[in-house]
$ cat coords.cif   # mmCIF, C-alpha atoms and all ligand atoms
data_my_file
loop_
_atom_site.label_atom_id
_atom_site.label_comp_id
_atom_site.auth_asym_id
_atom_site.auth_seq_id
_atom_site.Cartn_x
_atom_site.Cartn_y
_atom_site.Cartn_z
CA MET A 287 138.96 115.50 164.47
CA HIS A 288 137.40 117.50 161.68
CA SER A 289 139.32 117.71 158.44
CA PRO A 290 140.37 121.26 157.60
CA PHE A 291 139.68 120.44 153.94
CA ILE A 292 136.34 120.12 152.26
CA TYR A 293 135.24 119.00 148.79
CA GLY A 294 131.93 118.41 147.10
CA LYS A 295 130.27 120.98 149.33
CA ILE A 296 130.20 124.74 149.39
CA ALA A 297 133.57 126.03 150.62
CA SER A 298 132.92 128.58 153.34
CA GLY A 299 134.57 130.13 156.41
CA GLU A 300 138.07 128.76 156.84
CA THR A 301 137.71 126.23 154.03
CA PHE A 302 137.43 129.11 151.56
CA THR A 303 140.48 130.88 150.15
CA ASN A 304 141.38 133.57 147.61
CA ARG A 305 138.80 135.11 145.26
CA GLU A 306 139.11 138.56 146.88
CA TRP A 307 138.96 140.33 143.58
CA GLU A 308 136.04 138.26 142.30
CA GLN A 309 134.13 138.81 145.55
CA LYS A 310 134.62 142.54 145.22
CA ARG A 311 133.56 142.61 141.59
CA LEU A 312 130.44 140.57 142.28
CA SER A 313 129.38 142.59 145.30
CA ASN A 314 130.03 145.86 143.47
CA ASN A 315 127.82 144.64 140.64
CA ILE A 316 125.07 143.78 143.09
CA ALA A 317 125.36 147.12 144.87
CA SER A 318 125.09 148.90 141.50
CA ARG A 319 122.27 146.57 140.41
CA ILE A 320 124.28 145.26 137.51
CA ASN A 321 123.54 141.69 136.49
CA SER A 322 126.44 139.23 136.58
CA VAL A 323 127.26 136.15 134.54
CA LEU A 324 129.77 133.70 135.97
CA ILE A 325 131.40 131.03 133.84
CA SER A 326 133.86 128.27 134.76
CA PRO A 327 134.07 124.51 134.42
CA ARG A 328 132.31 122.65 137.21
CA ARG A 329 133.95 122.42 140.62
CA TRP A 330 136.08 125.49 140.18
CA GLY A 331 134.12 127.38 142.83
CA LYS A 332 131.19 129.31 141.35
CA SER A 333 128.63 128.22 143.94
CA SER A 334 131.07 128.82 146.78
CA LEU A 335 131.90 132.29 145.51
CA VAL A 336 128.28 133.39 145.10
CA ALA A 337 127.32 131.88 148.48
CA ARG A 338 130.16 133.74 150.19
CA VAL A 339 129.27 137.06 148.60
CA GLY A 340 125.62 136.42 149.45
CA HIS A 341 126.32 135.76 153.14
CA ALA A 342 128.56 138.79 153.44
CA ILE A 343 126.03 141.14 151.86
CA GLU A 344 123.01 139.77 153.74
CA LYS A 345 124.93 140.13 157.00
CA ARG A 346 125.54 143.83 156.54
CA ASP A 347 122.34 144.73 154.71
CA THR A 348 119.10 142.96 155.58
CA SER A 349 117.28 144.57 152.68
CA VAL A 350 119.23 142.44 150.21
CA ARG A 351 117.96 138.86 149.87
CA PHE A 352 119.63 136.14 147.86
CA CYS A 353 117.46 133.64 146.14
CA PHE A 354 119.31 130.50 144.98
CA LEU A 355 117.96 128.25 142.27
CA ASP A 356 119.75 125.32 140.70
CA LEU A 357 118.59 124.51 137.19
CA PHE A 358 120.58 121.28 137.17
CA ASN A 359 117.42 119.18 137.25
CA VAL A 360 115.07 121.70 135.72
CA ARG A 361 114.23 120.64 132.19
CA SER A 362 111.10 122.63 131.32
CA GLU A 363 109.68 126.11 131.43
CA GLN A 364 106.95 124.91 133.82
CA GLU A 365 109.43 123.55 136.35
CA PHE A 366 111.36 126.79 136.10
CA TYR A 367 108.27 128.87 136.96
CA VAL A 368 107.44 126.66 139.91
CA GLN A 369 110.96 126.91 141.35
CA LEU A 370 111.27 130.62 140.77
CA THR A 371 107.94 131.39 142.43
CA ARG A 372 108.57 129.13 145.38
CA GLU A 373 112.05 130.46 146.09
CA VAL A 374 111.14 134.12 145.62
CA LEU A 375 108.25 133.75 148.07
CA ARG A 376 110.37 131.73 150.48
CA VAL A 377 113.16 134.27 150.83
CA SER A 378 110.87 137.31 150.76
CA PHE A 379 108.46 136.25 153.50
CA SER A 380 109.52 134.32 156.55
CA LYS A 381 106.11 132.98 157.59
CA TRP A 382 104.35 130.57 155.25
CA GLU A 383 100.91 132.14 155.96
CA GLU A 384 102.38 135.43 154.81
CA ARG A 385 103.69 133.84 151.61
CA ILE A 386 100.29 132.51 150.66
CA GLU A 387 98.49 135.72 151.59
CA SER A 388 100.92 137.85 149.62
CA ALA A 389 100.84 135.55 146.62
CA LYS A 390 97.11 136.14 146.37
CA ARG A 391 97.78 139.85 146.07
CA LEU A 392 100.85 139.55 143.85
CA PHE A 393 99.19 137.36 141.24
CA LYS A 394 96.21 138.88 139.51
CA ARG A 395 95.60 136.66 136.52
CA ILE A 396 97.12 133.46 137.85
CA THR A 397 95.87 131.51 140.87
CA PRO A 398 98.73 129.46 142.27
CA LYS A 399 97.93 126.59 144.59
CA PHE A 400 100.09 126.00 147.63
CA SER A 401 100.78 123.01 149.76
CA VAL A 402 102.75 122.93 152.96
CA GLY A 403 104.39 119.92 154.57
CA ILE A 404 105.27 119.00 158.13
CA ASP A 405 107.89 121.72 158.21
CA PRO A 406 105.91 124.55 156.59
CA VAL A 407 108.81 127.00 156.57
CA ASN A 408 110.97 124.92 154.25
CA ASP A 409 108.56 122.34 152.94
CA PHE A 410 106.45 124.59 150.79
CA SER A 411 105.38 123.99 147.21
CA VAL A 412 103.48 125.74 144.46
CA THR A 413 101.47 124.47 141.50
CA PHE A 414 99.95 126.40 138.63
CA ASP A 415 97.15 126.03 136.18
CA TRP A 416 99.16 125.86 132.94
CA GLU A 417 96.52 127.47 130.79
CA GLU A 418 96.63 130.53 133.01
CA VAL A 419 100.43 130.54 132.95
CA GLU A 420 100.54 130.34 129.18
CA LYS A 421 98.51 133.53 128.95
CA SER A 422 100.11 135.41 131.82
CA ALA A 423 103.66 134.13 132.34
CA ASP A 424 104.76 137.73 132.80
CA GLU A 425 103.26 137.74 136.30
CA ILE A 426 105.78 135.05 137.25
CA LEU A 427 108.69 136.50 135.30
CA ASP A 428 108.17 139.88 136.92
CA LEU A 429 107.70 138.45 140.40
CA PRO A 430 111.27 139.24 141.58
CA GLU A 431 110.78 142.88 140.62
CA THR A 432 107.23 143.18 141.97
CA VAL A 433 108.20 141.66 145.31
CA SER A 434 111.38 143.74 145.58
CA LYS A 435 109.37 146.92 145.08
CA LYS A 436 106.52 145.95 147.39
CA ARG A 437 108.80 144.80 150.21
CA ASN A 438 111.36 147.49 149.65
CA ILE A 439 114.10 144.91 149.30
CA GLN A 440 116.57 143.92 146.61
CA LEU A 441 116.17 140.35 145.50
CA VAL A 442 119.29 138.84 143.96
CA ILE A 443 118.18 135.91 141.84
CA CYS A 444 121.05 133.44 141.50
CA LEU A 445 120.52 130.81 138.84
CA ASP A 446 123.02 127.97 138.83
CA GLU A 447 123.57 125.81 135.70
CA PHE A 448 121.73 128.47 133.73
CA GLN A 449 122.79 126.92 130.40
CA ASN A 450 120.08 124.31 131.02
CA VAL A 451 117.50 126.76 129.66
CA GLY A 452 119.03 125.72 126.33
CA TYR A 453 117.38 122.29 126.78
CA PHE A 454 113.85 123.61 127.27
CA ASN A 455 111.30 123.32 124.45
CA ASN A 456 111.73 126.26 122.17
CA PRO A 457 114.70 127.64 124.12
CA LEU A 458 115.10 130.78 122.05
CA MET A 459 111.52 131.91 122.61
CA PHE A 460 111.90 131.32 126.32
CA GLN A 461 115.15 133.27 126.52
CA LYS A 462 113.60 136.14 124.61
CA LYS A 463 110.72 136.19 127.07
CA LEU A 464 113.05 136.14 130.09
CA ARG A 465 115.27 138.84 128.69
CA ALA A 466 112.36 141.07 127.65
CA HIS A 467 111.11 141.09 131.25
CA TRP A 468 114.31 141.03 133.21
CA GLN A 469 116.00 143.86 131.39
CA HIS A 470 113.40 146.23 132.80
CA HIS A 471 113.97 145.13 136.38
CA THR A 472 115.68 147.81 138.41
CA HIS A 473 115.01 146.53 141.93
CA ALA A 474 115.81 142.86 141.40
CA THR A 475 119.27 141.80 140.23
CA TYR A 476 120.36 138.62 138.49
CA CYS A 477 123.42 136.47 138.82
CA LEU A 478 123.49 133.69 136.26
CA TYR A 479 126.17 131.04 136.29
CA GLY A 480 126.98 127.81 134.59
CA SER A 481 129.67 125.26 133.93
CA LYS A 482 129.21 124.43 130.27
CA ARG A 483 131.61 127.05 128.98
CA HIS A 484 130.67 126.66 125.33
CA MET A 485 126.95 126.85 125.95
CA MET A 486 127.33 129.74 128.38
CA THR A 487 129.51 131.79 126.04
CA GLU A 488 127.09 131.17 123.23
CA LEU A 489 124.15 132.31 125.38
CA PHE A 490 125.84 135.50 126.57
CA GLU A 491 128.40 136.48 123.99
CA GLU A 492 126.72 135.84 120.65
CA LYS A 493 125.17 138.96 119.24
CA SER A 494 122.16 137.09 117.90
CA MET A 495 121.25 135.58 121.28
CA PRO A 496 118.62 137.16 123.57
CA PHE A 497 120.95 137.34 126.58
CA TYR A 498 123.73 139.11 124.70
CA LYS A 499 125.12 141.91 126.93
CA PHE A 500 122.76 141.04 129.76
CA GLY A 501 125.39 141.61 132.41
CA ASP A 502 129.02 141.64 133.47
CA VAL A 503 130.53 138.36 132.25
CA MET A 504 133.21 136.93 134.56
CA PHE A 505 135.32 133.91 133.71
CA LEU A 506 136.35 132.32 136.97
CA GLU A 507 139.90 130.96 137.01
CA LYS A 508 141.45 128.24 139.14
CA ILE A 509 143.08 129.23 142.44
CA PRO A 510 146.82 129.99 142.13
CA GLU A 511 149.43 127.91 143.93
CA THR A 512 150.50 130.91 146.03
CA TYR A 513 147.14 130.68 147.84
CA TRP A 514 147.12 126.91 148.15
CA VAL A 515 150.47 126.64 149.93
CA PRO A 516 149.50 128.70 153.03
CA PHE A 517 145.97 127.29 152.90
CA ILE A 518 147.27 123.72 153.10
CA THR A 519 150.06 124.28 155.63
CA SER A 520 147.77 126.22 157.97
CA GLY A 521 145.03 123.58 157.62
CA PHE A 522 147.52 120.99 158.91
CA LYS A 523 148.78 123.31 161.63
CA LYS A 524 145.31 124.13 163.00
CA THR A 525 144.67 120.44 163.50
CA GLY A 526 147.95 119.65 165.22
CA LYS A 527 149.72 118.23 162.15
CA ARG A 528 152.50 119.52 159.95
CA ILE A 529 153.31 119.63 156.26
CA ASP A 530 156.19 121.57 154.71
CA GLU A 531 155.70 124.13 152.00
CA ASN A 532 157.34 121.96 149.36
CA LEU A 533 154.90 119.12 149.79
CA ALA A 534 151.98 121.57 150.00
CA ALA A 535 153.07 123.10 146.69
CA ARG A 536 153.30 119.64 145.14
CA ILE A 537 149.68 118.92 146.13
CA ALA A 538 148.57 122.01 144.21
CA GLN A 539 150.83 121.22 141.24
CA GLU A 540 149.78 117.59 140.99
CA MET A 541 146.12 118.67 140.89
CA GLU A 542 146.90 121.60 138.58
CA ASN A 543 145.43 124.12 141.07
CA HIS A 544 141.94 122.74 140.54
CA PRO A 545 139.99 123.80 143.67
CA TYR A 546 137.98 120.62 144.17
CA PHE A 547 140.86 118.25 143.49
CA VAL A 548 143.42 120.18 145.54
CA GLN A 549 141.05 120.01 148.52
CA GLN A 550 140.30 116.35 147.93
CA PHE A 551 143.97 115.42 147.67
CA ALA A 552 144.91 117.60 150.66
CA HIS A 553 142.21 115.87 152.67
CA ALA A 554 143.46 112.42 151.65
CA ILE A 555 147.01 113.28 152.66
CA TRP A 556 145.87 114.91 155.89
CA SER A 557 143.91 111.76 156.84
CA ASN A 558 146.94 109.65 156.04
CA THR A 559 149.31 111.74 158.10
CA ASN A 560 149.94 110.93 161.71
CA LYS A 561 151.73 114.08 162.72
CA ASN A 562 154.38 115.11 160.22
CA CYS A 563 153.51 114.61 156.60
CA ASN A 564 156.33 112.89 154.72
CA GLU A 565 156.97 111.68 151.18
CA GLY A 566 155.47 108.28 152.03
CA ASP A 567 152.18 109.80 153.26
CA TYR A 568 151.99 111.82 150.06
CA HIS A 569 152.42 108.81 147.78
CA SER A 570 150.20 106.42 149.67
CA ALA A 571 147.39 109.01 149.64
CA LEU A 572 147.81 109.52 145.89
CA ASN A 573 147.85 105.78 145.25
CA ALA A 574 144.75 105.30 147.38
CA LEU A 575 142.90 107.97 145.38
CA LEU A 576 143.98 106.40 142.08
CA THR A 577 142.85 102.95 143.20
CA GLN A 578 139.58 104.31 144.50
CA HIS A 579 138.77 105.93 141.15
CA GLY A 580 140.44 103.29 138.96
CA ILE A 581 137.26 101.49 137.90
CA LEU A 582 135.60 104.75 136.92
CA PHE A 583 138.64 105.90 134.96
CA GLN A 584 138.92 102.53 133.23
CA ARG A 585 135.29 102.87 132.16
CA GLU A 586 136.05 106.33 130.87
CA VAL A 587 138.88 105.10 128.62
CA ASP A 588 136.72 102.17 127.46
CA GLY A 589 134.39 104.79 125.99
CA LEU A 590 137.16 106.40 123.90
CA THR A 591 138.37 105.52 120.40
CA ASN A 592 142.02 104.74 119.62
CA PRO A 593 142.76 108.13 118.03
CA GLN A 594 141.19 109.84 121.07
CA LEU A 595 143.34 107.77 123.43
CA ASN A 596 146.42 108.48 121.33
CA PHE A 597 145.69 112.17 121.44
CA LEU A 598 145.53 112.03 125.26
CA LYS A 599 148.85 110.15 125.31
CA ALA A 600 150.45 112.85 123.17
CA LEU A 601 149.03 115.51 125.50
CA CYS A 602 150.45 113.72 128.56
CA ASN A 603 153.81 113.64 126.80
CA ASN A 604 153.63 117.43 126.52
CA ILE A 605 153.12 117.47 122.76
CA THR A 606 151.76 120.82 121.60
CA GLN A 607 152.01 120.59 117.79
CA PHE A 608 149.33 117.99 117.19
CA SER A 609 149.08 118.57 113.45
CA ALA A 610 152.82 118.23 112.85
CA ALA A 611 153.61 115.34 110.51
CA GLU A 612 155.83 113.68 113.10
CA THR A 613 153.13 113.79 115.81
CA LEU A 614 150.47 112.47 113.45
CA HIS A 615 152.75 109.58 112.58
CA THR A 616 154.14 108.75 116.04
CA TYR A 617 150.74 108.84 117.74
CA LYS A 618 148.74 107.38 114.83
CA LEU A 619 146.36 110.32 114.71
CA GLY A 620 145.49 110.04 111.02
CA THR A 621 145.40 113.19 108.93
CA SER A 622 145.71 116.69 110.35
CA GLY A 623 142.03 117.18 109.49
CA ASN A 624 141.30 114.57 112.15
CA ILE A 625 142.74 116.63 114.97
CA ASN A 626 139.83 119.01 115.23
CA ARG A 627 137.33 116.17 115.27
CA ILE A 628 139.26 114.41 118.02
CA LYS A 629 139.40 117.61 120.09
CA GLN A 630 135.68 118.26 119.62
CA SER A 631 134.74 114.75 120.70
CA LEU A 632 136.99 114.91 123.77
CA ILE A 633 135.34 118.21 124.68
CA SER A 634 131.84 116.85 124.29
CA LYS A 635 132.78 113.75 126.32
CA GLU A 636 133.93 116.18 129.02
CA VAL A 637 137.47 114.79 129.07
CA LEU A 638 139.20 117.95 127.91
CA ASP A 639 138.75 121.67 128.35
CA ILE A 640 140.16 123.62 125.43
CA THR A 641 140.62 127.39 125.36
CA PRO A 642 142.74 129.41 122.92
CA GLN A 643 145.50 129.42 125.58
CA ARG A 644 145.57 125.79 126.62
CA ILE A 645 144.37 122.20 126.36
CA GLU A 646 143.68 120.62 129.73
CA PHE A 647 142.20 117.50 131.27
CA ILE A 648 138.98 118.51 133.04
CA ASP A 649 139.80 116.03 135.81
CA PRO A 650 143.45 116.33 136.92
CA LEU A 651 143.24 113.07 138.88
CA PHE A 652 142.21 111.28 135.68
CA LYS A 653 145.27 112.80 134.01
CA VAL A 654 147.53 111.42 136.77
CA TRP A 655 145.88 108.00 136.43
CA PHE A 656 146.10 108.11 132.63
CA SER A 657 149.77 109.02 132.53
CA THR A 658 150.95 106.82 135.41
CA VAL A 659 148.65 103.81 135.54
CA TYR A 660 147.11 103.54 132.07
CA MET A 661 150.08 104.52 129.91
CA LYS A 662 152.43 102.24 131.83
CA GLN A 663 150.31 99.09 131.63
N1 LIG B 701 137.38 129.69 147.18
C1 LIG B 701 137.64 128.40 147.43
N2 LIG B 701 138.57 128.06 148.35
C2 LIG B 701 138.86 126.76 148.58
N3 LIG B 701 138.27 125.74 147.97
C3 LIG B 701 137.32 126.00 147.06
C4 LIG B 701 136.95 127.35 146.74
N4 LIG B 701 136.00 127.31 145.80
C5 LIG B 701 135.77 126.00 145.54
N5 LIG B 701 136.55 125.20 146.29
C6 LIG B 701 136.60 123.72 146.25
O1 LIG B 701 135.97 123.29 145.05
C7 LIG B 701 134.79 122.51 145.34
C8 LIG B 701 133.72 122.84 144.34
O2 LIG B 701 133.26 124.18 144.53
P1 LIG B 701 131.87 124.71 143.99
O3 LIG B 701 131.69 126.07 144.54
O4 LIG B 701 130.79 123.72 144.27
O5 LIG B 701 132.17 124.76 142.43
P2 LIG B 701 131.17 124.97 141.20
O6 LIG B 701 129.94 125.63 141.70
O7 LIG B 701 131.95 125.80 140.23
O8 LIG B 701 130.90 123.59 140.65
C9 LIG B 701 134.45 122.84 146.77
O9 LIG B 701 133.77 121.76 147.39
C10 LIG B 701 135.82 123.07 147.39
O10 LIG B 701 136.44 121.83 147.66
MG MG B 702 127.96 124.82 141.61
#
$ encode --input "coords.cif" --output "structure tokens" --more "lines below"
Ligand SMILES: Nc1ncnc2c1ncn2[C@@H]1O[C@H](COP(=O)(O)OP(=O)(O)O)[C@@H](O)[C@H]1O
Ligand SMILES: [Mg+2]
Amino acid sequence: MHSPFIYGKIASGETFTNREWEQKRLSNNIASRINSVLISPRRWGKSSLVARVGHAIEKRDTSVRFCFLDLFNVRSEQEFYVQLTREVLRVSFSKWEERIESAKRLFKRITPKFSVGIDPVNDFSVTFDWEEVEKSADEILDLPETVSKKRNIQLVICLDEFQNVGYFNNPLMFQKKLRAHWQHHTHATYCLYGSKRHMMTELFEEKSMPFYKFGDVMFLEKIPETYWVPFITSGFKKTGKRIDENLAARIAQEMENHPYFVQQFAHAIWSNTNKNCNEGDYHSALNALLTQHGILFQREVDGLTNPQLNFLKALCNNITQFSAAETLHTYKLGTSGNINRIKQSLISKEVLDITPQRIEFIDPLFKVWFSTVYMKQ
């Protein structure tokens, strides 16, 4: 039997919940041709949200085409141009012959070379002569707009892990170039998202940065418990099993409403449950997850200094006044001047997420392991 829970993949159909308001805001932006910027830590549901909005819009309006690009592995301007060109051509023309023919007309000063594989519809790649591109990059940067106009469509260019443009050579120059072109596009729309909150906010919210005020900036939140409880109980019910609302709520609480981890934990419990989920099923699933990730978590703590570990212990003990003399003493945190350094290093090691409202473990399962297994040993 298929699990009603999914993690590590795009949540869609019945495995998707909540986000009504965010879906509306994103699709309104697209309909009004307003660019959007979506920011949240990884695995909170950005890709799933954009994919869902994309499917819904494409279903009711065939003149809107979503073009998805993931910059996760893109580390240079050249790779970016190749991906952008290939994907724009791929979603705008269904036949590969048409793509190549049109590209000849769309590019005037650049002559891209194409190669097609065994499956020409999907296996389709582009290469450029870099000297030509250096002189005429605008032909590529304007491609979404040119194609949208020519085909009478609206291309929605979705760029995942957009903060990676910050790693390109001369990132500021590149961003200026992108912005200078894209701000004039009225037929193509952009949706840029990323999971490095600090890099993303710097790119889009600093006045001195080229992408300042480029679009509607949305900070995606986690999914509230009130959505998880019916989501989990109905997932069990659909598959002939049962879990009561109390246990369902505890799944969400234990994983701090983190979308990926709630689904992962719910799946583990579901697999463990014969028919009626009980306390024992809950605990054995949690223990199995902790054991499964134990080596990884141990390696993670091996990479931390004593003050960093002590800070995490204080956090697990619900300490909030880290600079208080008593806390500094009890947890051996050194001077109060140390606290900021510790926080910064735990952020850059991707252990903690710190906003003005709260300090949180990025990985709630690691927090459970840290406070139950590590702190008790
Ligand atoms: N709206 C949602 N409803 C239910 N689960 C979700 C939702 N969004 C995300 N998830 C869960 O979180 C996981 C990561 O989602 P994803 O969209 O890939 O996040 P991101 O792009 O922010 O890294 C999914 O595999 C799924 O388990
Ligand atoms: Mg994603």
$ residues_around --input "coords.cif" --residues "Gly521 of chain A" --least-positions-apart "4" --cutoff "12 Å" --atoms "only C-alpha atoms" --output "list of chain:residue names"
A:His288, A:Ser289, A:Pro290, A:Phe291, A:Ile292, A:Glu300, A:Thr301, A:Phe302, A:Thr303, A:Trp514, A:Val515, A:Pro516, A:Phe517, A:Thr525, A:Gly526, A:Lys527, A:Arg528, A:Ile529, A:Asp530, A:Ala534, A:Gln549, A:Ala552, A:His553, A:Ile555, A:Trp556, A:Ser557
$ write_last_selection --input "coords.cif" --atoms "C-alpha atoms" --output "compact mmCIF listing (two decimals), keeping the file's coordinate frame"
# COMPACT_ATOMS: atom_id res chain seq x y z
CA HIS A 288 137.40 117.50 161.68
CA SER A 289 139.32 117.71 158.44
CA PRO A 290 140.37 121.26 157.60
CA PHE A 291 139.68 120.44 153.94
CA ILE A 292 136.34 120.12 152.26
CA GLU A 300 138.07 128.76 156.84
CA THR A 301 137.71 126.23 154.03
CA PHE A 302 137.43 129.11 151.56
CA THR A 303 140.48 130.88 150.15
CA TRP A 514 147.12 126.91 148.15
CA VAL A 515 150.47 126.64 149.93
CA PRO A 516 149.50 128.70 153.03
CA PHE A 517 145.97 127.29 152.90
CA THR A 525 144.67 120.44 163.50
CA GLY A 526 147.95 119.65 165.22
CA LYS A 527 149.72 118.23 162.15
CA ARG A 528 152.50 119.52 159.95
CA ILE A 529 153.31 119.63 156.26
CA ASP A 530 156.19 121.57 154.71
CA ALA A 534 151.98 121.57 150.00
CA GLN A 549 141.05 120.01 148.52
CA ALA A 552 144.91 117.60 150.66
CA HIS A 553 142.21 115.87 152.67
CA ILE A 555 147.01 113.28 152.66
CA TRP A 556 145.87 114.91 155.89
CA SER A 557 143.91 111.76 156.84
$ residues_near_ligand --input "coords.cif" --ligand "ligand MG 702 (chain B)" --cutoff "10 Å" --atoms "all atoms listed in the file" --output "list of chain:residue names"
A:Gly294, A:Lys295, A:Ile296, A:Ser326, A:Pro327, A:Arg328, A:Arg329, A:Trp330, A:Gly331, A:Lys332, A:Ser333, A:Ser334, A:Leu335, A:Val336, A:Ala337, A:Asp356, A:Phe358, A:Leu445, A:Asp446, A:Glu447, A:Tyr479, A:Gly480, A:Ser481
$ residues_around --input "coords.cif" --residues "segment 596-602 of chain A" --least-positions-apart "5" --cutoff "10 Å" --atoms "only C-alpha atoms" --output "list in words"
Leu590, Thr591, Gln607, Phe608, Thr613, Leu614, Thr616, Tyr617, Lys618, Leu619, Ile625, Ile628, Lys629, Leu632, Val637, Leu638, Ile645, Glu646, Phe647, Lys653, Val654, Phe656, Ser657, Thr658, Tyr660 and Met661 of chain A
$ residues_around --input "coords.cif" --residues "Ile320 of chain A" --least-positions-apart "2" --cutoff "10 Å" --atoms "all atoms listed in the file" --output "list in words"
Leu312, Ser313, Asn314, Asn315, Ile316, Ala317, Ser318, Ser322, Thr472, Ala474, Thr475, Tyr476, Cys477, Phe500, Gly501 and Asp502 of chain A
$ residues_around --input "coords.cif" --residues "segment 572-586 of chain A" --least-positions-apart "2" --cutoff "8 Å" --atoms "only C-alpha atoms" --output "PDB file with C-alpha atoms, in the coordinates of the input"
ATOM      1  CA  PHE A 551     143.970 115.420 147.670  1.00  0.00           C
ATOM      2  CA  ALA A 554     143.460 112.420 151.650  1.00  0.00           C
ATOM      3  CA  ILE A 555     147.010 113.280 152.660  1.00  0.00           C
ATOM      4  CA  TYR A 568     151.990 111.820 150.060  1.00  0.00           C
ATOM      5  CA  HIS A 569     152.420 108.810 147.780  1.00  0.00           C
ATOM      6  CA  SER A 570     150.200 106.420 149.670  1.00  0.00           C
ATOM      7  CA  ASP A 588     136.720 102.170 127.460  1.00  0.00           C
ATOM      8  CA  GLY A 589     134.390 104.790 125.990  1.00  0.00           C
ATOM      9  CA  LEU A 590     137.160 106.400 123.900  1.00  0.00           C
ATOM     10  CA  LEU A 651     143.240 113.070 138.880  1.00  0.00           C
ATOM     11  CA  PHE A 652     142.210 111.280 135.680  1.00  0.00           C
ATOM     12  CA  TRP A 655     145.880 108.000 136.430  1.00  0.00           C
TER      13      TRP A 655
END
$ atom_distance --input "coords.cif" --atom1 "atom CA of Gln449 of chain A" --atom2 "atom CA of Leu489 of chain A"
7.5 Å
$ closest_residue --input "coords.cif" --among "A:Lys482, A:Lys435, A:Arg627, A:Arg395" --to "ligand LIG 701 (chain B)" --atoms "all atoms listed in the file"
A:Lys482
$ closest_residue --input "coords.cif" --among "A:Ile633, A:Ile509, A:Met541, A:Ile386" --to "ligand LIG 701 (chain B)" --atoms "only C-alpha atoms and all ligand atoms"
A:Ile509
$ atom_distance --input "coords.cif" --atom1 "atom CA of Lys421 of chain A" --atom2 "atom CA of Leu355 of chain A"
24.2 Å
$ residues_around --input "coords.cif" --residues "Leu464 of chain A" --least-positions-apart "2" --cutoff "10 Å" --atoms "only C-alpha atoms" --output "NGL selection string"
:A and (423-424 or 427-428 or 458-462 or 466-469 or 496-497)
$ atom_distance --input "coords.cif" --atom1 "atom CA of Met287 of chain A" --atom2 "atom CA of Phe522 of chain A"
11.6 Å
$ closest_residue --input "coords.cif" --among "A:Pro650, A:Gln440, A:Thr641, A:His473" --to "Glu540 of chain A" --atoms "all atoms listed in the file"
A:Pro650
$ closest_residue --input "coords.cif" --among "A:Arg437, A:His615, A:Arg338, A:Arg346" --to "ligand LIG 701 (chain B)" --atoms "all atoms listed in the file"
A:Arg338
$ closest_residue --input "coords.cif" --among "A:Leu478, A:Cys353, A:Ile640, A:Leu506" --to "ligand LIG 701 (chain B)" --atoms "only C-alpha atoms and all ligand atoms"
A:Leu506
$ build_atoms --input "coords.cif" --residues "segment 541-552 of chain A" --atoms "N, CA and C atoms" --output "PDB file, in the coordinates of the input"
ATOM      1  N   MET A 541     147.536 118.514 141.235  1.00  0.00           N
ATOM      2  CA  MET A 541     146.120 118.670 140.890  1.00  0.00           C
ATOM      3  C   MET A 541     145.890 119.919 140.043  1.00  0.00           C
ATOM      4  N   GLU A 542     146.968 120.460 139.498  1.00  0.00           N
ATOM      5  CA  GLU A 542     146.900 121.600 138.580  1.00  0.00           C
ATOM      6  C   GLU A 542     146.059 122.770 139.105  1.00  0.00           C
ATOM      7  N   ASN A 543     146.116 122.997 140.410  1.00  0.00           N
ATOM      8  CA  ASN A 543     145.430 124.120 141.070  1.00  0.00           C
ATOM      9  C   ASN A 543     143.903 124.059 140.986  1.00  0.00           C
ATOM     10  N   HIS A 544     143.398 122.900 140.642  1.00  0.00           N
ATOM     11  CA  HIS A 544     141.940 122.740 140.540  1.00  0.00           C
ATOM     12  C   HIS A 544     141.336 122.711 141.946  1.00  0.00           C
ATOM     13  N   PRO A 545     140.450 123.669 142.286  1.00  0.00           N
ATOM     14  CA  PRO A 545     139.990 123.800 143.670  1.00  0.00           C
ATOM     15  C   PRO A 545     139.446 122.508 144.289  1.00  0.00           C
ATOM     16  N   TYR A 546     138.556 121.827 143.598  1.00  0.00           N
ATOM     17  CA  TYR A 546     137.980 120.620 144.170  1.00  0.00           C
ATOM     18  C   TYR A 546     139.057 119.559 144.408  1.00  0.00           C
ATOM     19  N   PHE A 547     139.894 119.340 143.384  1.00  0.00           N
ATOM     20  CA  PHE A 547     140.860 118.250 143.490  1.00  0.00           C
ATOM     21  C   PHE A 547     142.007 118.565 144.450  1.00  0.00           C
ATOM     22  N   VAL A 548     142.396 119.827 144.560  1.00  0.00           N
ATOM     23  CA  VAL A 548     143.420 120.180 145.540  1.00  0.00           C
ATOM     24  C   VAL A 548     142.887 119.877 146.941  1.00  0.00           C
ATOM     25  N   GLN A 549     141.631 120.271 147.192  1.00  0.00           N
ATOM     26  CA  GLN A 549     141.050 120.010 148.520  1.00  0.00           C
ATOM     27  C   GLN A 549     140.896 118.516 148.779  1.00  0.00           C
ATOM     28  N   GLN A 550     140.476 117.789 147.761  1.00  0.00           N
ATOM     29  CA  GLN A 550     140.300 116.350 147.930  1.00  0.00           C
ATOM     30  C   GLN A 550     141.642 115.655 148.235  1.00  0.00           C
ATOM     31  N   PHE A 551     142.655 116.030 147.487  1.00  0.00           N
ATOM     32  CA  PHE A 551     143.970 115.420 147.670  1.00  0.00           C
ATOM     33  C   PHE A 551     144.561 115.841 149.022  1.00  0.00           C
ATOM     34  N   ALA A 552     144.407 117.126 149.366  1.00  0.00           N
ATOM     35  CA  ALA A 552     144.910 117.600 150.660  1.00  0.00           C
ATOM     36  C   ALA A 552     144.234 116.843 151.796  1.00  0.00           C
TER      37      ALA A 552
END
